[in-house]
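Asker: This one is start-v8.pdb, PDB, C-alpha atoms, pLDDT in the B column.
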```pdb
ATOM      1  CA  MET A 104     -16.759  17.767  -6.543  1.00 47.00           C
ATOM      2  CA  PHE A 105     -17.584  14.412  -5.001  1.00 50.00           C
ATOM      3  CA  PRO A 106     -15.800  11.176  -5.909  1.00 56.00           C
ATOM      4  CA  ALA A 107     -17.592   8.576  -7.996  1.00 57.00           C
ATOM      5  CA  TYR A 108     -19.202   5.597  -6.324  1.00 57.00           C
ATOM      6  CA  GLY A 109     -16.561   3.117  -5.130  1.00 56.00           C
ATOM      7  CA  GLN A 110     -13.775   5.669  -4.854  1.00 54.00           C
ATOM      8  CA  ILE A 111     -12.110   7.074  -1.777  1.00 55.00           C
ATOM      9  CA  VAL A 112     -10.489  10.455  -1.413  1.00 51.00           C
ATOM     10  CA  THR A 113      -7.251  10.859   0.455  1.00 50.00           C
ATOM     11  CA  GLU A 114      -5.669  14.180   1.230  1.00 49.00           C
ATOM     12  CA  ARG A 115      -2.169  13.149   0.245  1.00 55.00           C
ATOM     13  CA  VAL A 116      -2.603  10.989  -2.839  1.00 54.00           C
ATOM     14  CA  GLY A 117      -5.947  11.869  -4.394  1.00 61.00           C
ATOM     15  CA  ILE A 118      -8.722   9.639  -5.653  1.00 72.00           C
ATOM     16  CA  VAL A 119      -8.079   5.897  -5.664  1.00 82.00           C
ATOM     17  CA  SER A 120     -10.764   3.727  -7.202  1.00 88.00           C
ATOM     18  CA  GLY A 121     -12.077   0.634  -5.497  1.00 90.00           C
ATOM     19  CA  ALA A 122     -10.666  -1.501  -8.308  1.00 93.00           C
ATOM     20  CA  GLU A 123      -7.223   0.056  -7.854  1.00 92.00           C
ATOM     21  CA  ARG A 124      -7.393  -0.506  -4.086  1.00 93.00           C
ATOM     22  CA  ALA A 125      -8.275  -4.175  -4.687  1.00 94.00           C
ATOM     23  CA  ARG A 126      -5.415  -4.571  -7.198  1.00 96.00           C
ATOM     24  CA  ARG A 127      -2.950  -3.026  -4.760  1.00 94.00           C
ATOM     25  CA  ALA A 128      -4.226  -5.144  -1.857  1.00 95.00           C
ATOM     26  CA  ARG A 129      -3.694  -8.323  -3.927  1.00 96.00           C
ATOM     27  CA  ALA A 130      -0.164  -7.181  -4.779  1.00 95.00           C
ATOM     28  CA  VAL A 131       0.621  -6.532  -1.091  1.00 95.00           C
ATOM     29  CA  ALA A 132      -0.738  -9.959  -0.140  1.00 96.00           C
ATOM     30  CA  ALA A 133       1.427 -11.551  -2.855  1.00 96.00           C
ATOM     31  CA  VAL A 134       4.553  -9.784  -1.570  1.00 94.00           C
ATOM     32  CA  VAL A 135       3.891 -10.880   2.012  1.00 95.00           C
ATOM     33  CA  HIS A 136       3.172 -14.456   0.889  1.00 96.00           C
ATOM     34  CA  SER A 137       6.332 -14.528  -1.234  1.00 96.00           C
ATOM     35  CA  GLY A 138       8.411 -13.433   1.743  1.00 95.00           C
ATOM     36  CA  ARG A 139       6.909 -16.179   3.861  1.00 95.00           C
ATOM     37  CA  LEU A 140       7.688 -18.765   1.185  1.00 96.00           C
ATOM     38  CA  GLU A 141      11.297 -17.556   1.232  1.00 96.00           C
ATOM     39  CA  GLY A 142      11.375 -18.113   4.993  1.00 96.00           C
ATOM     40  CA  LEU A 143      11.511 -14.436   5.940  1.00 94.00           C
ATOM     41  CA  ARG A 144       9.934 -13.277   9.169  1.00 94.00           C
ATOM     42  CA  ASP A 145       7.037 -10.826   8.944  1.00 94.00           C
ATOM     43  CA  ASN A 146       7.910  -7.190   9.544  1.00 93.00           C
ATOM     44  CA  PRO A 147       4.655  -5.652  10.857  1.00 95.00           C
ATOM     45  CA  GLU A 148       5.792  -2.062  10.263  1.00 94.00           C
ATOM     46  CA  TRP A 149       6.674  -2.732   6.628  1.00 94.00           C
ATOM     47  CA  ILE A 150       3.440  -4.644   6.056  1.00 95.00           C
ATOM     48  CA  ARG A 151       1.506  -1.699   7.523  1.00 96.00           C
ATOM     49  CA  GLN A 152       3.270   0.721   5.161  1.00 95.00           C
ATOM     50  CA  MET A 153       2.390  -1.480   2.175  1.00 95.00           C
ATOM     51  CA  GLU A 154      -1.223  -1.615   3.381  1.00 94.00           C
ATOM     52  CA  ARG A 155      -1.241   2.185   3.625  1.00 94.00           C
ATOM     53  CA  PHE A 156      -0.127   2.297  -0.014  1.00 93.00           C
ATOM     54  CA  ALA A 157      -2.842  -0.191  -0.984  1.00 93.00           C
ATOM     55  CA  ASP A 158      -5.444   1.989   0.758  1.00 91.00           C
ATOM     56  CA  GLY A 159      -4.196   5.089  -1.049  1.00 90.00           C
ATOM     57  CA  GLU A 160      -2.900   6.795   2.091  1.00 92.00           C
ATOM     58  CA  ILE A 161       0.636   7.155   0.710  1.00 92.00           C
ATOM     59  CA  SER A 162       1.992   7.333  -2.819  1.00 92.00           C
ATOM     60  CA  ARG A 163       4.250   4.851  -4.576  1.00 91.00           C
ATOM     61  CA  GLU A 164       7.122   7.326  -4.248  1.00 94.00           C
ATOM     62  CA  GLU A 165       6.581   7.608  -0.484  1.00 94.00           C
ATOM     63  CA  LEU A 166       6.528   3.812  -0.158  1.00 94.00           C
ATOM     64  CA  ARG A 167       9.739   3.621  -2.200  1.00 94.00           C
ATOM     65  CA  ALA A 168      11.381   6.218   0.072  1.00 94.00           C
ATOM     66  CA  ILE A 169      10.356   4.223   3.153  1.00 93.00           C
ATOM     67  CA  ALA A 170      11.833   1.060   1.597  1.00 91.00           C
ATOM     68  CA  HIS A 171      15.157   2.801   0.936  1.00 92.00           C
ATOM     69  CA  ARG A 172      15.349   4.088   4.523  1.00 89.00           C
ATOM     70  CA  ARG A 173      15.152   0.538   5.877  1.00 69.00           C
TER      71      ARG A 173
END
```
Starting from the coordinates I provided, produce the structure as structure tokens.
Answerer:
Amino acid sequence: MFPAYGQIVTERVGIVSGAERARRARAVAAVVHSGRLEGLRDNPEWIRQMERFADGEISREELRAIAHRR
């Protein structure tokens, strides 16, 4: 079965719609911006992991596990 138009398929997470990807990307951008407003330095590895979540490459649970390992 093929995904609907505007959806991507990832092996690990499943189908993530384009709208969901956009919503997640906005949330990631808001988190990064909030950290900058607080005066925190950017952590490129953490930002990349959040972007992977936004793209549907990893699940919310995997992102949470990565956050707890930090």
Asker: For a quick check of understanding, using all atoms listed in the file, which of A:Ser162, A:Arg129, A:Val134, A:Ala168 has the smallest distance to A:Asn146?
Answerer: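 Closest candidate: A:Val134.
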Asker: Please determine, counting all atoms listed in the file, which residue among A:Met153, A:Leu166, A:Ile161, A:Ile118 has the shortest atom-to-atom distance to A:Val135.
Answerer: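 The answer is A:Met153, which sits nearest to A:Val135.
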Asker: Report the distance between atom CA of A:Glu141 and atom CA of A:His171 in Å, rounded to one decimal place.
Answerer: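 So the answer is 20.7 Å.
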Asker: Contacts of A:Val131 at 9 Å or less, counting only C-alpha atoms, minus same-chain residues fewer than 5 places along, as an mmCIF file with C-alpha atoms, keeping the file's coordinate frame?
Answerer:
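Printed below is out-v3.cif as written:
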```cif
data_model
loop_
_atom_site.group_PDB
_atom_site.id
_atom_site.type_symbol
_atom_site.label_atom_id
_atom_site.label_comp_id
_atom_site.auth_asym_id
_atom_site.auth_seq_id
_atom_site.Cartn_x
_atom_site.Cartn_y
_atom_site.Cartn_z
ATOM 1 C CA ARG A 126 -5.415 -4.571 -7.198
ATOM 2 C CA HIS A 136 3.172 -14.456 0.889
ATOM 3 C CA ILE A 150 3.440 -4.644 6.056
ATOM 4 C CA MET A 153 2.390 -1.480 2.175
ATOM 5 C CA GLU A 154 -1.223 -1.615 3.381
ATOM 6 C CA PHE A 156 -0.127 2.297 -0.014
ATOM 7 C CA ALA A 157 -2.842 -0.191 -0.984
#
```
Asker: Go ahead and compute the interatomic distance for atom CA of A:Ala125 and atom CA of A:Glu160, in Å to one decimal.
Answerer: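 Atom-to-atom, atom CA of A:Ala125 and atom CA of A:Glu160 are spaced 14.0 Å apart.
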Asker: Hey, can you check how far atom CA of A:Glu165 sits from atom CA of A:Glu123?
Answerer: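 Atom CA of A:Glu123 lies at a distance of 17.4 Å from atom CA of A:Glu165.
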Asker: Output, as JSON, the centre and edge lengths in Å (one decimal) of the axis-aligned box that contains all listed atoms of stretch 131-140 of chain A with 3 Å of margin on each side.
Answerer:
```
{"center_x": 3.8, "center_y": -12.6, "center_z": 0.5, "size_x": 15.1, "size_y": 18.2, "size_z": 12.7}
```
Asker: Counting all atoms listed in the file, which of A:Gly138, A:Ile169, A:Val119, A:Ala128 gets nearest to A:Gln152?
Answerer: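 Once distances to A:Gln152 are computed over all atoms listed in the file, the minimum belongs to A:Ile169.
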Asker: Measuring between all atoms listed in the file, which one of A:Ser120, A:Glu148, A:Arg127, A:Ala132 shows the shortest distance to A:Ala170?
Answerer: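 Using all atoms listed in the file, the shortest distance to A:Ala170 belongs to A:Glu148.
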Asker: Could you please fill out stretch 141-160 of chain A with N, CA, C and O atoms and send it back as a tab-separated table (two decimals), in the frame of the given file?
Answerer:
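The resulting part.tsv:
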```tsv
chain	number	residue	atom	x	y	z
A	141	GLU	N	9.84	-17.65	1.19
A	141	GLU	CA	11.30	-17.56	1.23
A	141	GLU	C	11.84	-17.77	2.64
A	141	GLU	O	13.05	-17.78	2.85
A	142	GLY	N	10.95	-17.88	3.62
A	142	GLY	CA	11.38	-18.11	4.99
A	142	GLY	C	11.67	-16.85	5.77
A	142	GLY	O	12.28	-16.91	6.85
A	143	LEU	N	11.27	-15.70	5.24
A	143	LEU	CA	11.51	-14.44	5.94
A	143	LEU	C	10.45	-14.22	7.01
A	143	LEU	O	9.29	-14.58	6.84
A	144	ARG	N	10.89	-13.61	8.11
A	144	ARG	CA	9.93	-13.28	9.17
A	144	ARG	C	9.12	-12.06	8.75
A	144	ARG	O	9.61	-11.19	8.02
A	145	ASP	N	7.88	-11.99	9.22
A	145	ASP	CA	7.04	-10.83	8.94
A	145	ASP	C	7.60	-9.60	9.65
A	145	ASP	O	8.07	-9.68	10.78
A	146	ASN	N	7.55	-8.47	8.97
A	146	ASN	CA	7.91	-7.19	9.54
A	146	ASN	C	6.62	-6.37	9.60
A	146	ASN	O	6.20	-5.79	8.58
A	147	PRO	N	5.96	-6.31	10.76
A	147	PRO	CA	4.66	-5.65	10.86
A	147	PRO	C	4.67	-4.19	10.40
A	147	PRO	O	3.70	-3.74	9.77
A	148	GLU	N	5.74	-3.47	10.68
A	148	GLU	CA	5.79	-2.06	10.26
A	148	GLU	C	5.82	-1.95	8.75
A	148	GLU	O	5.13	-1.11	8.16
A	149	TRP	N	6.60	-2.78	8.08
A	149	TRP	CA	6.67	-2.73	6.63
A	149	TRP	C	5.35	-3.16	6.00
A	149	TRP	O	4.88	-2.55	5.03
A	150	ILE	N	4.74	-4.19	6.56
A	150	ILE	CA	3.44	-4.64	6.06
A	150	ILE	C	2.41	-3.52	6.20
A	150	ILE	O	1.62	-3.27	5.29
A	151	ARG	N	2.44	-2.81	7.32
A	151	ARG	CA	1.51	-1.70	7.52
A	151	ARG	C	1.74	-0.60	6.48
A	151	ARG	O	0.78	-0.04	5.95
A	152	GLN	N	2.99	-0.31	6.17
A	152	GLN	CA	3.27	0.72	5.16
A	152	GLN	C	2.75	0.28	3.79
A	152	GLN	O	2.20	1.10	3.04
A	153	MET	N	2.92	-0.99	3.45
A	153	MET	CA	2.39	-1.48	2.17
A	153	MET	C	0.86	-1.42	2.16
A	153	MET	O	0.27	-1.08	1.13
A	154	GLU	N	0.23	-1.71	3.31
A	154	GLU	CA	-1.22	-1.62	3.38
A	154	GLU	C	-1.69	-0.17	3.23
A	154	GLU	O	-2.73	0.10	2.62
A	155	ARG	N	-0.91	0.76	3.79
A	155	ARG	CA	-1.24	2.18	3.62
A	155	ARG	C	-1.18	2.58	2.15
A	155	ARG	O	-2.02	3.33	1.66
A	156	PHE	N	-0.20	2.05	1.42
A	156	PHE	CA	-0.13	2.30	-0.01
A	156	PHE	C	-1.34	1.70	-0.72
A	156	PHE	O	-1.96	2.35	-1.56
A	157	ALA	N	-1.69	0.47	-0.36
A	157	ALA	CA	-2.84	-0.19	-0.98
A	157	ALA	C	-4.13	0.59	-0.74
A	157	ALA	O	-4.98	0.67	-1.63
A	158	ASP	N	-4.25	1.21	0.43
A	158	ASP	CA	-5.44	1.99	0.76
A	158	ASP	C	-5.42	3.39	0.16
A	158	ASP	O	-6.40	4.12	0.27
A	159	GLY	N	-4.30	3.77	-0.44
A	159	GLY	CA	-4.20	5.09	-1.05
A	159	GLY	C	-3.79	6.18	-0.08
A	159	GLY	O	-3.89	7.36	-0.40
A	160	GLU	N	-3.31	5.80	1.10
A	160	GLU	CA	-2.90	6.80	2.09
A	160	GLU	C	-1.55	7.42	1.77
A	160	GLU	O	-1.29	8.55	2.13
```
